Amino acid sequence: MSVAMLMGSDSDFARLEPAYRALQKLGIGCEVRVLSAHRTPKAVVDFVESAPARGIKVFLCAAGGAAHLAGVVAAHTDLPVIGIPMDNPPLGGLDALLSTVQMPGGIPVASVAVGGGGPLNAALFAARILALSDAEIARRLAAQRVEQTAGVARKDQELQRKLAAAT
Ligand code: RP5
């Protein structure tokens, strides 16, 4: 079972790297490709149609501006598609968000937030989908949550120490 991480441009990857790392840490295979709904439409369709045979179960689709990648992928598959609207200038990602979420009824695309934790949440959401039928991924996700909780507690303690030292 694996995930496909598609992006409209290589310029998107720096912001997707935390998502890629999170999938790696969870032991989830991830095919990463630059494929554009506009610049390489045929390659997108070829990729989507051939993906199930390679064990791909979820598509993550990042695009900025007129972000049609997630919608075009969803138009060619019945697998779950999660859109990642990129926070590009000049409109800051509102353009990509609306292009991603305003899908016509019958062709669903889920969306994560613009910028910030959006890409990471896309990876974790994909992991949760896979975890429904994979107990080992479910176990790793639970461990990741415990680690995250402990990390926040550690940061709180550090902040308390700093504030106490400054008074
Ligand atoms: C989108 O256009 C890509 O996903 C990217 O976010 C944006 C700009 O692409 P480049 O001009 O940097 O290749 O399709």
# chains A, B, ... in the order shown; residues from 1 in each chain; ligands from 1

$ select_by_dssp --residues "chain A" --states "strand (DSSP E or B)" --output "PDB file with C-alpha atoms, in the first residue's frame"
ATOM      1  CA  SER A   2       1.416   3.354  -0.925  1.00  0.00           C
ATOM      2  CA  VAL A   3       0.617   6.977  -1.638  1.00  0.00           C
ATOM      3  CA  ALA A   4       1.239   9.149  -4.697  1.00  0.00           C
ATOM      4  CA  MET A   5       2.429  12.698  -4.060  1.00  0.00           C
ATOM      5  CA  LEU A   6       1.903  14.725  -7.220  1.00  0.00           C
ATOM      6  CA  MET A   7       2.796  18.366  -7.674  1.00  0.00           C
ATOM      7  CA  GLY A  29       5.792   4.178   0.406  1.00  0.00           C
ATOM      8  CA  CYS A  30       5.361   7.346  -1.625  1.00  0.00           C
ATOM      9  CA  GLU A  31       5.763   7.924  -5.351  1.00  0.00           C
ATOM     10  CA  VAL A  32       6.699  11.584  -5.815  1.00  0.00           C
ATOM     11  CA  ARG A  33       6.140  13.128  -9.250  1.00  0.00           C
ATOM     12  CA  VAL A  34       6.018  16.512 -10.940  1.00  0.00           C
ATOM     13  CA  ILE A  56      -1.256   3.258  -4.749  1.00  0.00           C
ATOM     14  CA  LYS A  57      -4.299   3.832  -2.542  1.00  0.00           C
ATOM     15  CA  VAL A  58      -4.403   7.614  -2.033  1.00  0.00           C
ATOM     16  CA  PHE A  59      -3.395  10.602  -4.160  1.00  0.00           C
ATOM     17  CA  LEU A  60      -1.966  13.790  -2.663  1.00  0.00           C
ATOM     18  CA  CYS A  61      -2.112  16.577  -5.252  1.00  0.00           C
ATOM     19  CA  ALA A  62      -0.364  19.886  -4.657  1.00  0.00           C
ATOM     20  CA  ALA A  63      -0.823  22.815  -6.994  1.00  0.00           C
ATOM     21  CA  VAL A  81      -7.763  12.418  -3.615  1.00  0.00           C
ATOM     22  CA  ILE A  82      -6.490  15.030  -1.170  1.00  0.00           C
ATOM     23  CA  GLY A  83      -5.733  18.461  -2.598  1.00  0.00           C
ATOM     24  CA  ILE A  84      -2.945  20.615  -1.191  1.00  0.00           C
ATOM     25  CA  PRO A  85      -3.496  24.241  -2.237  1.00  0.00           C
ATOM     26  CA  ALA A 110     -10.750  16.637  -0.012  1.00  0.00           C
ATOM     27  CA  SER A 111      -8.606  19.638   0.826  1.00  0.00           C
TER      28      SER A 111
END

$ residues_near_ligand --ligand "ligand 1" --cutoff "9 Å" --atoms "only C-alpha atoms and all ligand atoms" --output "PyMOL selection string"
chain A and resi 7-12+34-39+61-69+85-88+96

$ atom_distance --atom1 "CA of Leu26 in chain A" --atom2 "CA of Ala135 in chain A"
12.2 Å

$ residues_around --residues "Leu23 in chain A" --least-positions-apart "4" --cutoff "9 Å" --atoms "only C-alpha atoms" --output "PDB file with N, CA, C and O atoms, in the first residue's frame"
ATOM      1  N   VAL A   3       1.258   5.702  -1.370  1.00  0.00           N
ATOM      2  CA  VAL A   3       0.617   6.977  -1.638  1.00  0.00           C
ATOM      3  C   VAL A   3       1.331   7.607  -2.829  1.00  0.00           C
ATOM      4  O   VAL A   3       2.536   7.403  -3.013  1.00  0.00           O
ATOM      5  N   PRO A  18       7.975  18.289   4.312  1.00  0.00           N
ATOM      6  CA  PRO A  18       7.552  17.745   5.613  1.00  0.00           C
ATOM      7  C   PRO A  18       6.538  16.601   5.463  1.00  0.00           C
ATOM      8  O   PRO A  18       6.554  15.642   6.249  1.00  0.00           O
ATOM      9  N   ALA A  19       5.691  16.702   4.448  1.00  0.00           N
ATOM     10  CA  ALA A  19       4.707  15.641   4.216  1.00  0.00           C
ATOM     11  C   ALA A  19       5.409  14.361   3.761  1.00  0.00           C
ATOM     12  O   ALA A  19       5.105  13.258   4.222  1.00  0.00           O
ATOM     13  N   GLY A  27       6.710   4.788   7.508  1.00  0.00           N
ATOM     14  CA  GLY A  27       6.985   3.582   6.726  1.00  0.00           C
ATOM     15  C   GLY A  27       6.020   3.392   5.568  1.00  0.00           C
ATOM     16  O   GLY A  27       5.768   2.265   5.125  1.00  0.00           O
ATOM     17  N   ILE A  28       5.471   4.499   5.077  1.00  0.00           N
ATOM     18  CA  ILE A  28       4.507   4.418   3.967  1.00  0.00           C
ATOM     19  C   ILE A  28       5.215   4.797   2.662  1.00  0.00           C
ATOM     20  O   ILE A  28       5.801   5.889   2.558  1.00  0.00           O
ATOM     21  N   GLY A  29       5.159   3.915   1.703  1.00  0.00           N
ATOM     22  CA  GLY A  29       5.792   4.178   0.406  1.00  0.00           C
ATOM     23  C   GLY A  29       5.116   5.353  -0.288  1.00  0.00           C
ATOM     24  O   GLY A  29       3.902   5.541  -0.168  1.00  0.00           O
ATOM     25  N   CYS A  30       5.919   6.145  -1.003  1.00  0.00           N
ATOM     26  CA  CYS A  30       5.361   7.346  -1.625  1.00  0.00           C
ATOM     27  C   CYS A  30       6.030   7.574  -2.978  1.00  0.00           C
ATOM     28  O   CYS A  30       7.253   7.746  -3.049  1.00  0.00           O
ATOM     29  N   ALA A 123      -0.511  14.376   4.441  1.00  0.00           N
ATOM     30  CA  ALA A 123       0.194  13.098   4.620  1.00  0.00           C
ATOM     31  C   ALA A 123      -0.437  12.297   5.760  1.00  0.00           C
ATOM     32  O   ALA A 123      -0.661  11.088   5.641  1.00  0.00           O
ATOM     33  N   LEU A 124      -0.735  12.981   6.862  1.00  0.00           N
ATOM     34  CA  LEU A 124      -1.307  12.267   8.014  1.00  0.00           C
ATOM     35  C   LEU A 124      -2.724  11.771   7.703  1.00  0.00           C
ATOM     36  O   LEU A 124      -3.128  10.699   8.143  1.00  0.00           O
ATOM     37  N   ALA A 126      -3.783  10.878   4.713  1.00  0.00           N
ATOM     38  CA  ALA A 126      -3.586   9.693   3.862  1.00  0.00           C
ATOM     39  C   ALA A 126      -3.211   8.491   4.724  1.00  0.00           C
ATOM     40  O   ALA A 126      -3.716   7.380   4.511  1.00  0.00           O
ATOM     41  N   ALA A 127      -2.348   8.729   5.712  1.00  0.00           N
ATOM     42  CA  ALA A 127      -1.939   7.631   6.605  1.00  0.00           C
ATOM     43  C   ALA A 127      -3.146   7.093   7.367  1.00  0.00           C
ATOM     44  O   ALA A 127      -3.286   5.884   7.572  1.00  0.00           O
TER      45      ALA A 127
END

$ closest_residue --among "A:Gln24, A:Val45, A:Ala113, A:Arg128" --to "Ala142 in chain A" --atoms "only C-alpha atoms"
A:Arg128

$ select_by_dssp --residues "range 3-97 of chain A" --states "alpha helix (DSSP H)" --output "count of residues only"
34
